[in-house]
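Some notes on the structure that comes next.
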Amino acid sequence: MNPTLAVYEPPLSPEFAATYDFWGCGDRPLAPGVKGLAYEKDGLIMIPLITAECEGSGDVGRMLDRLSSRCRIVTVTSTRLAGMLVRRGWKKHDSLEFGDMWER
């Protein structure tokens, strides 16, 4: 992956940052074929929810490859997503707030 190509930042859901209410905010398009939530906190983009519109299509992987270094994937509960992050060189860190935080 060419780091100069990793500049994509998904659309933000500011109402989620204010309430932390997954159910009230619903998911939003993050990238073609990918829905979820993203919000800004302390200059970083937190992404606590990622879902593929069509599993196995590669859309989530393409989005992960393009995310900027400001993006953090947090609270990963899917072993499939965790594997995708590891294969792409993302590093997992423990976080008191999120349980885990993945970054480039």
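Just so we're on the same page: first chain in the structure tokens is A, next is B, and so on; residues restart at 1 for each chain, and ligands are numbered from 1 in the order they show up.
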- request: Once DSSP has gone over the backbone, tell me which residues of chain A are in strand (DSSP E or B), as a ChimeraX atom specification.
  value: /A:8,28-31,34-41,44-52,67,71-74,91-95,99-103
- request: For A:Leu49, please output as a list in words all residues within 10 Å (counting only C-alpha atoms; exclusion window: fewer than 2 positions along the same chain).
  value: Phe22, Asp27, Arg28, Leu30, Lys35, Gly36, Leu37, Ala38, Met46, Ile47, Thr51, Ile73, Val74, Thr75, Val76 and Thr77 of chain A
- line: Min atom-atom distance to A:Arg72 from the set A:Val34, A:Ala52, A:Val86, A:Ile45, counting only C-alpha atoms, belongs to A:Ile45
message: Taking only C-alpha atoms into account, name the residue in A:Ala6, A:Met63, A:Leu12, A:Leu44 that is nearest to A:Met101.
response: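 Nearest to A:Met101: A:Leu44.
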message: With DSSP run on the backbone, what are the alpha helix (DSSP H) residues within stretch 37-99 of chain A? I'd like them as an MDAnalysis selection string.
response: chainID A and resid 59:66 79:87
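Nearest to A:Ser78 of all the residues A:Pro32, A:Pro48, A:Pro10, A:Gly43 is A:Pro48, based on only C-alpha atoms.
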message: Between atom CA of A:Glu9 and atom CA of A:Arg70, what distance in Å does the model show, to one decimal?
response: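 Spanning atom CA of A:Glu9 to atom CA of A:Arg70 is a straight-line distance of 8.1 Å.
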query: Any idea what's packed within 9 Å of A:His93, counting only C-alpha atoms, ignoring anything in its chain fewer than 6 positions away? Could you give it as a PyMOL selection string?
result: chain A and resi 99-103
I need the residues from that last selection saved to file as a short mmCIF file (atom, residue, chain, number, x, y, z; two decimals), in the first residue's frame (with all heavy atoms), if you can.
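The resulting file, selection28.cif, is shown below:
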data_model
loop_
_atom_site.label_atom_id
_atom_site.label_comp_id
_atom_site.auth_asym_id
_atom_site.auth_seq_id
_atom_site.Cartn_x
_atom_site.Cartn_y
_atom_site.Cartn_z
N GLY A 99 -11.59 -0.01 24.72
CA GLY A 99 -11.21 -1.42 24.80
C GLY A 99 -10.03 -1.70 23.89
O GLY A 99 -9.01 -2.19 24.32
N ASP A 100 -10.16 -1.36 22.63
CA ASP A 100 -9.04 -1.45 21.70
C ASP A 100 -9.15 -0.32 20.67
O ASP A 100 -10.22 0.20 20.41
CB ASP A 100 -8.97 -2.81 21.03
CG ASP A 100 -10.15 -3.11 20.12
OD1 ASP A 100 -11.12 -2.34 20.11
OD2 ASP A 100 -10.12 -4.13 19.43
N MET A 101 -8.00 0.02 20.13
CA MET A 101 -7.93 1.07 19.11
C MET A 101 -6.88 0.63 18.10
O MET A 101 -5.76 0.27 18.47
CB MET A 101 -7.52 2.41 19.73
CG MET A 101 -7.43 3.52 18.73
SD MET A 101 -6.87 5.10 19.42
CE MET A 101 -8.08 5.42 20.64
N TRP A 102 -7.25 0.62 16.84
CA TRP A 102 -6.35 0.23 15.75
C TRP A 102 -5.93 1.49 15.00
O TRP A 102 -6.75 2.33 14.67
CB TRP A 102 -7.05 -0.72 14.80
CG TRP A 102 -7.40 -2.04 15.41
CD1 TRP A 102 -8.41 -2.30 16.28
CD2 TRP A 102 -6.72 -3.27 15.19
NE1 TRP A 102 -8.42 -3.63 16.61
CE2 TRP A 102 -7.39 -4.26 15.95
CE3 TRP A 102 -5.63 -3.65 14.41
CZ2 TRP A 102 -7.01 -5.58 15.96
CZ3 TRP A 102 -5.24 -4.97 14.42
CH2 TRP A 102 -5.91 -5.93 15.18
N GLU A 103 -4.62 1.58 14.71
CA GLU A 103 -4.11 2.72 13.96
C GLU A 103 -3.00 2.26 13.03
O GLU A 103 -2.41 1.21 13.22
CB GLU A 103 -3.62 3.82 14.89
CG GLU A 103 -2.49 3.41 15.80
CD GLU A 103 -2.12 4.51 16.77
OE1 GLU A 103 -2.78 4.62 17.81
OE2 GLU A 103 -1.17 5.25 16.46
#
query: Could you name the residues that touch A:Arg88 at 12 Å or less, counting only C-alpha atoms, but leaving out those on the same chain fewer than 6 positions away, as a list in words?
result: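 Near A:Arg88, the qualifying residues are Met1, Asn2, Pro3, Ala6, Val60, Gly61, Arg62, Met63, Leu64, Asp65, Arg66, Leu67, Leu81, Ala82, Trp102, Glu103 and Arg104 of chain A.
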I need the chosen residues saved as a PDB file, in the first residue's frame, with N, CA and C atoms.
ATOM      1  N   MET A   1       0.847  -1.192   0.000  1.00  0.00           N
ATOM      2  CA  MET A   1       0.000   0.000   0.000  1.00  0.00           C
ATOM      3  C   MET A   1       0.877   1.234   0.000  1.00  0.00           C
ATOM      4  N   ASN A   2       0.657   2.098  -0.934  1.00  0.00           N
ATOM      5  CA  ASN A   2       1.379   3.354  -1.029  1.00  0.00           C
ATOM      6  C   ASN A   2       0.781   4.333  -0.024  1.00  0.00           C
ATOM      7  N   PRO A   3       1.550   4.777   0.995  1.00  0.00           N
ATOM      8  CA  PRO A   3       1.009   5.671   2.016  1.00  0.00           C
ATOM      9  C   PRO A   3       0.474   6.985   1.465  1.00  0.00           C
ATOM     10  N   ALA A   6      -3.261   6.847   0.984  1.00  0.00           N
ATOM     11  CA  ALA A   6      -4.106   6.671   2.165  1.00  0.00           C
ATOM     12  C   ALA A   6      -4.491   8.026   2.737  1.00  0.00           C
ATOM     13  N   VAL A  60     -14.917  -3.190   2.129  1.00  0.00           N
ATOM     14  CA  VAL A  60     -14.348  -2.793   3.425  1.00  0.00           C
ATOM     15  C   VAL A  60     -12.824  -2.740   3.319  1.00  0.00           C
ATOM     16  N   GLY A  61     -12.221  -3.733   2.700  1.00  0.00           N
ATOM     17  CA  GLY A  61     -10.766  -3.742   2.525  1.00  0.00           C
ATOM     18  C   GLY A  61     -10.270  -2.547   1.732  1.00  0.00           C
ATOM     19  N   ARG A  62     -10.996  -2.208   0.668  1.00  0.00           N
ATOM     20  CA  ARG A  62     -10.601  -1.030  -0.125  1.00  0.00           C
ATOM     21  C   ARG A  62     -10.688   0.240   0.719  1.00  0.00           C
ATOM     22  N   MET A  63     -11.730   0.338   1.544  1.00  0.00           N
ATOM     23  CA  MET A  63     -11.836   1.522   2.392  1.00  0.00           C
ATOM     24  C   MET A  63     -10.679   1.563   3.400  1.00  0.00           C
ATOM     25  N   LEU A  64     -10.388   0.433   4.038  1.00  0.00           N
ATOM     26  CA  LEU A  64      -9.294   0.399   5.021  1.00  0.00           C
ATOM     27  C   LEU A  64      -7.975   0.814   4.376  1.00  0.00           C
ATOM     28  N   ASP A  65      -7.744   0.369   3.148  1.00  0.00           N
ATOM     29  CA  ASP A  65      -6.502   0.721   2.448  1.00  0.00           C
ATOM     30  C   ASP A  65      -6.381   2.214   2.189  1.00  0.00           C
ATOM     31  N   ARG A  66      -7.500   2.889   2.063  1.00  0.00           N
ATOM     32  CA  ARG A  66      -7.496   4.315   1.699  1.00  0.00           C
ATOM     33  C   ARG A  66      -7.569   5.260   2.891  1.00  0.00           C
ATOM     34  N   LEU A  67      -7.858   4.760   4.095  1.00  0.00           N
ATOM     35  CA  LEU A  67      -8.065   5.650   5.250  1.00  0.00           C
ATOM     36  C   LEU A  67      -6.814   6.428   5.614  1.00  0.00           C
ATOM     37  N   LEU A  81     -12.711  -8.678  10.714  1.00  0.00           N
ATOM     38  CA  LEU A  81     -12.199  -7.310  10.579  1.00  0.00           C
ATOM     39  C   LEU A  81     -10.820  -7.198  11.212  1.00  0.00           C
ATOM     40  N   ALA A  82     -10.625  -7.802  12.373  1.00  0.00           N
ATOM     41  CA  ALA A  82      -9.309  -7.754  13.032  1.00  0.00           C
ATOM     42  C   ALA A  82      -8.238  -8.351  12.113  1.00  0.00           C
ATOM     43  N   TRP A 102      -7.254   0.622  16.836  1.00  0.00           N
ATOM     44  CA  TRP A 102      -6.347   0.231  15.754  1.00  0.00           C
ATOM     45  C   TRP A 102      -5.925   1.485  14.995  1.00  0.00           C
ATOM     46  N   GLU A 103      -4.622   1.581  14.713  1.00  0.00           N
ATOM     47  CA  GLU A 103      -4.111   2.721  13.956  1.00  0.00           C
ATOM     48  C   GLU A 103      -2.996   2.257  13.033  1.00  0.00           C
ATOM     49  N   ARG A 104      -2.730   3.089  12.036  1.00  0.00           N
ATOM     50  CA  ARG A 104      -1.634   2.792  11.097  1.00  0.00           C
ATOM     51  C   ARG A 104      -0.319   3.072  11.746  1.00  0.00           C
TER      52      ARG A 104
END
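Computed from the coordinates, the atom CA of A:Ser69 to atom CA of A:Arg87 distance equals 16.4 Å.
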